[in-house]
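Written out below as structure tokens is the structure these notes cover.
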Number of protein chains: 2
Amino acid sequence: MEGETNQPELKIIGIVEGDILSLGDAPKGYGESERTGYLEIFAEFHEGLDGVEAGQTILVLFWLHESSRDILKVHPRGKKENRLRGVFSTRSPVRPNPIGVSELKVLGIDGNRLHVQGLDVLDKTPVIDIKKKI
Amino acid sequence: MEGETNQPELKIIGIVEGDILSLGDAPKGYGESERTGYLEIFAEFHEGLDGVEAGQTILVLFWLHESSRDILKVHPRGKKENRLRGVFSTRSPVRPNPIGVSELKVLGIDGNRLHVQGLDVLDKTPVIDIKKKI
């Protein structure tokens, strides 16, 4: 590792409850999913949800725990030319830090459970952040 | 920590070279910056940049290393009502995982140095991911 910074450790703030149980069952393109499910936010982070409301679109960051971290080139989906590209020019889940960024619609909130639409990640995927969408 | 997942460790893939040297000098609102600077990507991740080109807008994830990780409520900027809100309903850099998501314009590329516009983070901020913008 170069640079002065130590490797930071992520805190898992919650977990996905969804119906995508295998990578083969996951939506093939970014932003194509209408799948609904839940984000279960752990009790210690519950306070951070104040102001998140049904009807909003939120930006959710996931830790794509089943993705390889050691591959820097991929064949992107749906490209006519199938040459290898650097992962940083794609949305591939494969990358040194497999963080997924999704826009989800909040359908409802029940305590620390967010009912959401637009899920394209596996059941039990760790949630690492939620942000206001700009 | 709840759940079965261990706390994942991030890999720093590069570092910002910019002219924002203190938090007081940082742009006040998300998406308001025209500041230019560089993303210096470390040699071991260079291959991942293949396909990133001048003229593109890219999504860049930063590790906001000077932000507090222990605060769950903030007074958002620019709101008329100044009540405390949960960090997950804001774009505050303060949050359990202080990851910033910015859209930057690529002005040029020289090897593993990306010249970018739109920087709103401190000089020397660690870069953790680059994605295609959808």
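Residue numbering restarts at 1 in every chain; chains get A, B, ... in the order shown in the structure tokens, and ligands count up from 1 in that same order.
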### Message
Please check the contacts: residues of chain A at most 7 Å away from chain B, using only C-alpha atoms, listed as a PyMOL selection string.
### Response
chain A and resi 7-12+47-52+72-73+85-91+96-97+128-132
Keeping only N, CA, C and O atoms, take the residues you just selected and write them out as an mmCIF file, in the first residue's frame.
```cif
data_model
loop_
_atom_site.group_PDB
_atom_site.id
_atom_site.type_symbol
_atom_site.label_atom_id
_atom_site.label_comp_id
_atom_site.auth_asym_id
_atom_site.auth_seq_id
_atom_site.Cartn_x
_atom_site.Cartn_y
_atom_site.Cartn_z
ATOM 1 N N GLN A 7 -5.409 1.490 5.964
ATOM 2 C CA GLN A 7 -6.604 0.994 5.301
ATOM 3 C C GLN A 7 -7.794 1.144 6.239
ATOM 4 O O GLN A 7 -7.838 0.511 7.293
ATOM 5 N N PRO A 8 -8.765 1.960 5.849
ATOM 6 C CA PRO A 8 -9.898 2.183 6.750
ATOM 7 C C PRO A 8 -10.802 0.953 6.812
ATOM 8 O O PRO A 8 -10.896 0.195 5.860
ATOM 9 N N GLU A 9 -11.448 0.806 7.936
ATOM 10 C CA GLU A 9 -12.372 -0.294 8.147
ATOM 11 C C GLU A 9 -13.809 0.209 8.050
ATOM 12 O O GLU A 9 -14.158 1.212 8.656
ATOM 13 N N LEU A 10 -14.630 -0.505 7.298
ATOM 14 C CA LEU A 10 -16.022 -0.100 7.152
ATOM 15 C C LEU A 10 -16.854 -0.621 8.319
ATOM 16 O O LEU A 10 -16.562 -1.665 8.883
ATOM 17 N N LYS A 11 -17.910 0.126 8.638
ATOM 18 C CA LYS A 11 -18.918 -0.362 9.574
ATOM 19 C C LYS A 11 -20.132 -0.795 8.771
ATOM 20 O O LYS A 11 -20.644 -0.001 7.964
ATOM 21 N N ILE A 12 -20.590 -1.988 8.975
ATOM 22 C CA ILE A 12 -21.819 -2.432 8.331
ATOM 23 C C ILE A 12 -22.991 -1.801 9.084
ATOM 24 O O ILE A 12 -23.108 -1.984 10.297
ATOM 25 N N GLU A 47 -30.952 6.165 14.633
ATOM 26 C CA GLU A 47 -31.097 7.618 14.749
ATOM 27 C C GLU A 47 -30.739 8.336 13.440
ATOM 28 O O GLU A 47 -31.274 9.398 13.128
ATOM 29 N N GLY A 48 -29.822 7.756 12.685
ATOM 30 C CA GLY A 48 -29.389 8.369 11.434
ATOM 31 C C GLY A 48 -30.456 8.388 10.361
ATOM 32 O O GLY A 48 -30.321 9.078 9.345
ATOM 33 N N LEU A 49 -31.547 7.641 10.577
ATOM 34 C CA LEU A 49 -32.620 7.560 9.564
ATOM 35 C C LEU A 49 -33.619 8.709 9.668
ATOM 36 O O LEU A 49 -34.479 8.854 8.787
ATOM 37 N N ASP A 50 -33.527 9.506 10.726
ATOM 38 C CA ASP A 50 -34.496 10.593 10.901
ATOM 39 C C ASP A 50 -34.475 11.523 9.685
ATOM 40 O O ASP A 50 -33.435 12.063 9.318
ATOM 41 N N GLY A 51 -35.612 11.683 9.035
ATOM 42 C CA GLY A 51 -35.675 12.526 7.841
ATOM 43 C C GLY A 51 -35.776 11.718 6.551
ATOM 44 O O GLY A 51 -36.094 12.265 5.502
ATOM 45 N N VAL A 52 -35.493 10.437 6.610
ATOM 46 C CA VAL A 52 -35.706 9.560 5.450
ATOM 47 C C VAL A 52 -37.195 9.215 5.434
ATOM 48 O O VAL A 52 -37.735 8.753 6.436
ATOM 49 N N LEU A 72 -8.838 -6.332 -12.328
ATOM 50 C CA LEU A 72 -8.840 -4.925 -12.754
ATOM 51 C C LEU A 72 -9.374 -4.733 -14.166
ATOM 52 O O LEU A 72 -9.594 -3.595 -14.590
ATOM 53 N N LYS A 73 -9.577 -5.825 -14.908
ATOM 54 C CA LYS A 73 -10.140 -5.714 -16.260
ATOM 55 C C LYS A 73 -11.295 -6.692 -16.414
ATOM 56 O O LYS A 73 -11.211 -7.830 -15.950
ATOM 57 N N ARG A 85 -11.950 -4.068 -20.519
ATOM 58 C CA ARG A 85 -11.839 -2.675 -20.086
ATOM 59 C C ARG A 85 -11.462 -2.624 -18.617
ATOM 60 O O ARG A 85 -11.780 -3.533 -17.862
ATOM 61 N N GLY A 86 -10.871 -1.524 -18.247
ATOM 62 C CA GLY A 86 -10.558 -1.322 -16.835
ATOM 63 C C GLY A 86 -11.851 -1.193 -16.032
ATOM 64 O O GLY A 86 -12.809 -0.569 -16.477
ATOM 65 N N VAL A 87 -11.855 -1.791 -14.856
ATOM 66 C CA VAL A 87 -13.083 -1.779 -14.047
ATOM 67 C C VAL A 87 -13.549 -0.362 -13.712
ATOM 68 O O VAL A 87 -14.741 -0.122 -13.543
ATOM 69 N N PHE A 88 -12.608 0.591 -13.649
ATOM 70 C CA PHE A 88 -13.008 1.955 -13.268
ATOM 71 C C PHE A 88 -13.765 2.674 -14.396
ATOM 72 O O PHE A 88 -14.308 3.765 -14.177
ATOM 73 N N SER A 89 -13.799 2.073 -15.605
ATOM 74 C CA SER A 89 -14.603 2.661 -16.690
ATOM 75 C C SER A 89 -15.928 1.916 -16.842
ATOM 76 O O SER A 89 -16.625 2.094 -17.837
ATOM 77 N N THR A 90 -16.284 1.086 -15.852
ATOM 78 C CA THR A 90 -17.505 0.278 -15.909
ATOM 79 C C THR A 90 -18.297 0.419 -14.604
ATOM 80 O O THR A 90 -17.851 1.090 -13.666
ATOM 81 N N ARG A 91 -19.451 -0.284 -14.553
ATOM 82 C CA ARG A 91 -20.193 -0.430 -13.306
ATOM 83 C C ARG A 91 -20.080 -1.848 -12.775
ATOM 84 O O ARG A 91 -20.885 -2.248 -11.921
ATOM 85 N N PRO A 96 -11.480 -3.155 -6.807
ATOM 86 C CA PRO A 96 -10.708 -3.282 -5.558
ATOM 87 C C PRO A 96 -11.555 -3.089 -4.296
ATOM 88 O O PRO A 96 -11.361 -3.790 -3.306
ATOM 89 N N ASN A 97 -12.480 -2.132 -4.351
ATOM 90 C CA ASN A 97 -13.445 -1.958 -3.262
ATOM 91 C C ASN A 97 -14.841 -2.168 -3.843
ATOM 92 O O ASN A 97 -15.395 -1.260 -4.468
ATOM 93 N N ILE A 128 -23.776 -0.075 3.657
ATOM 94 C CA ILE A 128 -22.740 0.709 4.347
ATOM 95 C C ILE A 128 -23.052 2.201 4.424
ATOM 96 O O ILE A 128 -22.458 2.912 5.223
ATOM 97 N N ASP A 129 -23.998 2.696 3.608
ATOM 98 C CA ASP A 129 -24.345 4.119 3.711
ATOM 99 C C ASP A 129 -25.663 4.390 2.991
ATOM 100 O O ASP A 129 -26.042 3.665 2.068
ATOM 101 N N ILE A 130 -26.341 5.433 3.454
ATOM 102 C CA ILE A 130 -27.533 5.964 2.798
ATOM 103 C C ILE A 130 -27.354 7.472 2.731
ATOM 104 O O ILE A 130 -26.948 8.098 3.713
ATOM 105 N N LYS A 131 -27.646 8.050 1.563
ATOM 106 C CA LYS A 131 -27.486 9.491 1.370
ATOM 107 C C LYS A 131 -28.717 10.065 0.685
ATOM 108 O O LYS A 131 -29.382 9.368 -0.069
ATOM 109 N N LYS A 132 -28.927 11.340 0.900
ATOM 110 C CA LYS A 132 -29.922 12.069 0.119
ATOM 111 C C LYS A 132 -29.488 12.059 -1.337
ATOM 112 O O LYS A 132 -28.309 12.251 -1.650
#
```
### Message
Env of Leu23 in chain B: 9 Å cut, atoms = only C-alpha atoms, seq-sep filter 6 positions within chain, self excluded. Answer as a VMD selection string.
### Response
chain B and resid 66 121 to 122
### Task
Mind listing the strand (DSSP E) residues of chain B, per DSSP on the backbone, as number ranges by chain?
B: 14-17, 36-41, 57-63, 73-74, 85-86, 99-110, 113-117, 126-132
### Task
Name the residues of chain A that come out as helix (DSSP H, G or I) in a backbone DSSP run; write them as a ChimeraX atom specification.
/A:23-25,43-49,87-89
Go ahead and save the residues from that selection, with all heavy atoms, as an mmCIF file, in the first residue's frame.
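Saved to result-v1.cif:
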```cif
data_model
loop_
_atom_site.group_PDB
_atom_site.id
_atom_site.type_symbol
_atom_site.label_atom_id
_atom_site.label_comp_id
_atom_site.auth_asym_id
_atom_site.auth_seq_id
_atom_site.Cartn_x
_atom_site.Cartn_y
_atom_site.Cartn_z
ATOM 1 N N LEU A 23 -26.276 -14.840 -7.939
ATOM 2 C CA LEU A 23 -25.829 -13.831 -8.908
ATOM 3 C C LEU A 23 -26.521 -14.024 -10.244
ATOM 4 O O LEU A 23 -26.826 -13.063 -10.948
ATOM 5 C CB LEU A 23 -24.300 -13.902 -9.066
ATOM 6 C CG LEU A 23 -23.519 -13.439 -7.823
ATOM 7 C CD1 LEU A 23 -22.033 -13.718 -7.981
ATOM 8 C CD2 LEU A 23 -23.755 -11.944 -7.561
ATOM 9 N N GLY A 24 -26.839 -15.265 -10.603
ATOM 10 C CA GLY A 24 -27.530 -15.545 -11.868
ATOM 11 C C GLY A 24 -28.923 -14.937 -11.912
ATOM 12 O O GLY A 24 -29.472 -14.673 -12.980
ATOM 13 N N ASP A 25 -29.491 -14.708 -10.739
ATOM 14 C CA ASP A 25 -30.847 -14.175 -10.647
ATOM 15 C C ASP A 25 -30.852 -12.644 -10.557
ATOM 16 O O ASP A 25 -31.905 -12.007 -10.542
ATOM 17 C CB ASP A 25 -31.507 -14.775 -9.388
ATOM 18 C CG ASP A 25 -32.988 -14.454 -9.299
ATOM 19 O OD1 ASP A 25 -33.636 -14.382 -10.355
ATOM 20 O OD2 ASP A 25 -33.480 -14.266 -8.168
ATOM 21 N N ALA A 43 -29.872 -1.427 14.970
ATOM 22 C CA ALA A 43 -30.404 -0.526 15.995
ATOM 23 C C ALA A 43 -29.446 0.622 16.320
ATOM 24 O O ALA A 43 -29.878 1.770 16.491
ATOM 25 C CB ALA A 43 -30.727 -1.315 17.255
ATOM 26 N N GLU A 44 -28.152 0.339 16.339
ATOM 27 C CA GLU A 44 -27.215 1.385 16.767
ATOM 28 C C GLU A 44 -27.126 2.552 15.773
ATOM 29 O O GLU A 44 -26.567 3.600 16.105
ATOM 30 C CB GLU A 44 -25.827 0.783 17.000
ATOM 31 C CG GLU A 44 -25.190 0.227 15.750
ATOM 32 C CD GLU A 44 -23.913 -0.582 16.039
ATOM 33 O OE1 GLU A 44 -22.883 0.016 16.363
ATOM 34 O OE2 GLU A 44 -23.987 -1.818 15.928
ATOM 35 N N PHE A 45 -27.654 2.361 14.558
ATOM 36 C CA PHE A 45 -27.605 3.428 13.542
ATOM 37 C C PHE A 45 -28.982 4.030 13.253
ATOM 38 O O PHE A 45 -29.137 4.861 12.358
ATOM 39 C CB PHE A 45 -26.986 2.885 12.249
ATOM 40 C CG PHE A 45 -25.611 2.326 12.436
ATOM 41 C CD1 PHE A 45 -25.384 0.961 12.398
ATOM 42 C CD2 PHE A 45 -24.535 3.173 12.674
ATOM 43 C CE1 PHE A 45 -24.117 0.438 12.590
ATOM 44 C CE2 PHE A 45 -23.257 2.663 12.875
ATOM 45 C CZ PHE A 45 -23.048 1.288 12.828
ATOM 46 N N HIS A 46 -29.992 3.589 14.022
ATOM 47 C CA HIS A 46 -31.381 3.939 13.765
ATOM 48 C C HIS A 46 -31.592 5.461 13.721
ATOM 49 O O HIS A 46 -32.286 5.979 12.845
ATOM 50 C CB HIS A 46 -32.252 3.293 14.853
ATOM 51 C CG HIS A 46 -33.713 3.452 14.625
ATOM 52 N ND1 HIS A 46 -34.663 2.858 15.412
ATOM 53 C CD2 HIS A 46 -34.407 4.157 13.699
ATOM 54 C CE1 HIS A 46 -35.865 3.190 14.976
ATOM 55 N NE2 HIS A 46 -35.740 3.980 13.953
ATOM 56 N N GLU A 47 -30.952 6.165 14.633
ATOM 57 C CA GLU A 47 -31.097 7.618 14.749
ATOM 58 C C GLU A 47 -30.739 8.336 13.440
ATOM 59 O O GLU A 47 -31.274 9.398 13.128
ATOM 60 C CB GLU A 47 -30.142 8.086 15.846
ATOM 61 C CG GLU A 47 -30.631 9.171 16.728
ATOM 62 C CD GLU A 47 -29.495 9.627 17.671
ATOM 63 O OE1 GLU A 47 -28.645 8.788 18.039
ATOM 64 O OE2 GLU A 47 -29.476 10.821 17.998
ATOM 65 N N GLY A 48 -29.822 7.756 12.685
ATOM 66 C CA GLY A 48 -29.389 8.369 11.434
ATOM 67 C C GLY A 48 -30.456 8.388 10.361
ATOM 68 O O GLY A 48 -30.321 9.078 9.345
ATOM 69 N N LEU A 49 -31.547 7.641 10.577
ATOM 70 C CA LEU A 49 -32.620 7.560 9.564
ATOM 71 C C LEU A 49 -33.619 8.709 9.668
ATOM 72 O O LEU A 49 -34.479 8.854 8.787
ATOM 73 C CB LEU A 49 -33.386 6.240 9.712
ATOM 74 C CG LEU A 49 -32.629 4.974 9.313
ATOM 75 C CD1 LEU A 49 -33.483 3.741 9.613
ATOM 76 C CD2 LEU A 49 -32.280 5.018 7.821
ATOM 77 N N VAL A 87 -11.855 -1.791 -14.856
ATOM 78 C CA VAL A 87 -13.083 -1.779 -14.047
ATOM 79 C C VAL A 87 -13.549 -0.362 -13.712
ATOM 80 O O VAL A 87 -14.741 -0.122 -13.543
ATOM 81 C CB VAL A 87 -12.928 -2.583 -12.732
ATOM 82 C CG1 VAL A 87 -12.805 -4.071 -13.025
ATOM 83 C CG2 VAL A 87 -11.765 -2.085 -11.896
ATOM 84 N N PHE A 88 -12.608 0.591 -13.649
ATOM 85 C CA PHE A 88 -13.008 1.955 -13.268
ATOM 86 C C PHE A 88 -13.765 2.674 -14.396
ATOM 87 O O PHE A 88 -14.308 3.765 -14.177
ATOM 88 C CB PHE A 88 -11.784 2.770 -12.842
ATOM 89 C CG PHE A 88 -11.037 2.175 -11.678
ATOM 90 C CD1 PHE A 88 -9.652 2.110 -11.661
ATOM 91 C CD2 PHE A 88 -11.726 1.676 -10.569
ATOM 92 C CE1 PHE A 88 -8.963 1.562 -10.587
ATOM 93 C CE2 PHE A 88 -11.046 1.129 -9.487
ATOM 94 C CZ PHE A 88 -9.657 1.067 -9.498
ATOM 95 N N SER A 89 -13.799 2.073 -15.605
ATOM 96 C CA SER A 89 -14.603 2.661 -16.690
ATOM 97 C C SER A 89 -15.928 1.916 -16.842
ATOM 98 O O SER A 89 -16.625 2.094 -17.837
ATOM 99 C CB SER A 89 -13.819 2.625 -18.010
ATOM 100 O OG SER A 89 -13.736 1.304 -18.517
#
```
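The two atoms in question, CA of Glu103 in chain A and CA of Ala54 in chain A, are spaced 13.9 Å apart.
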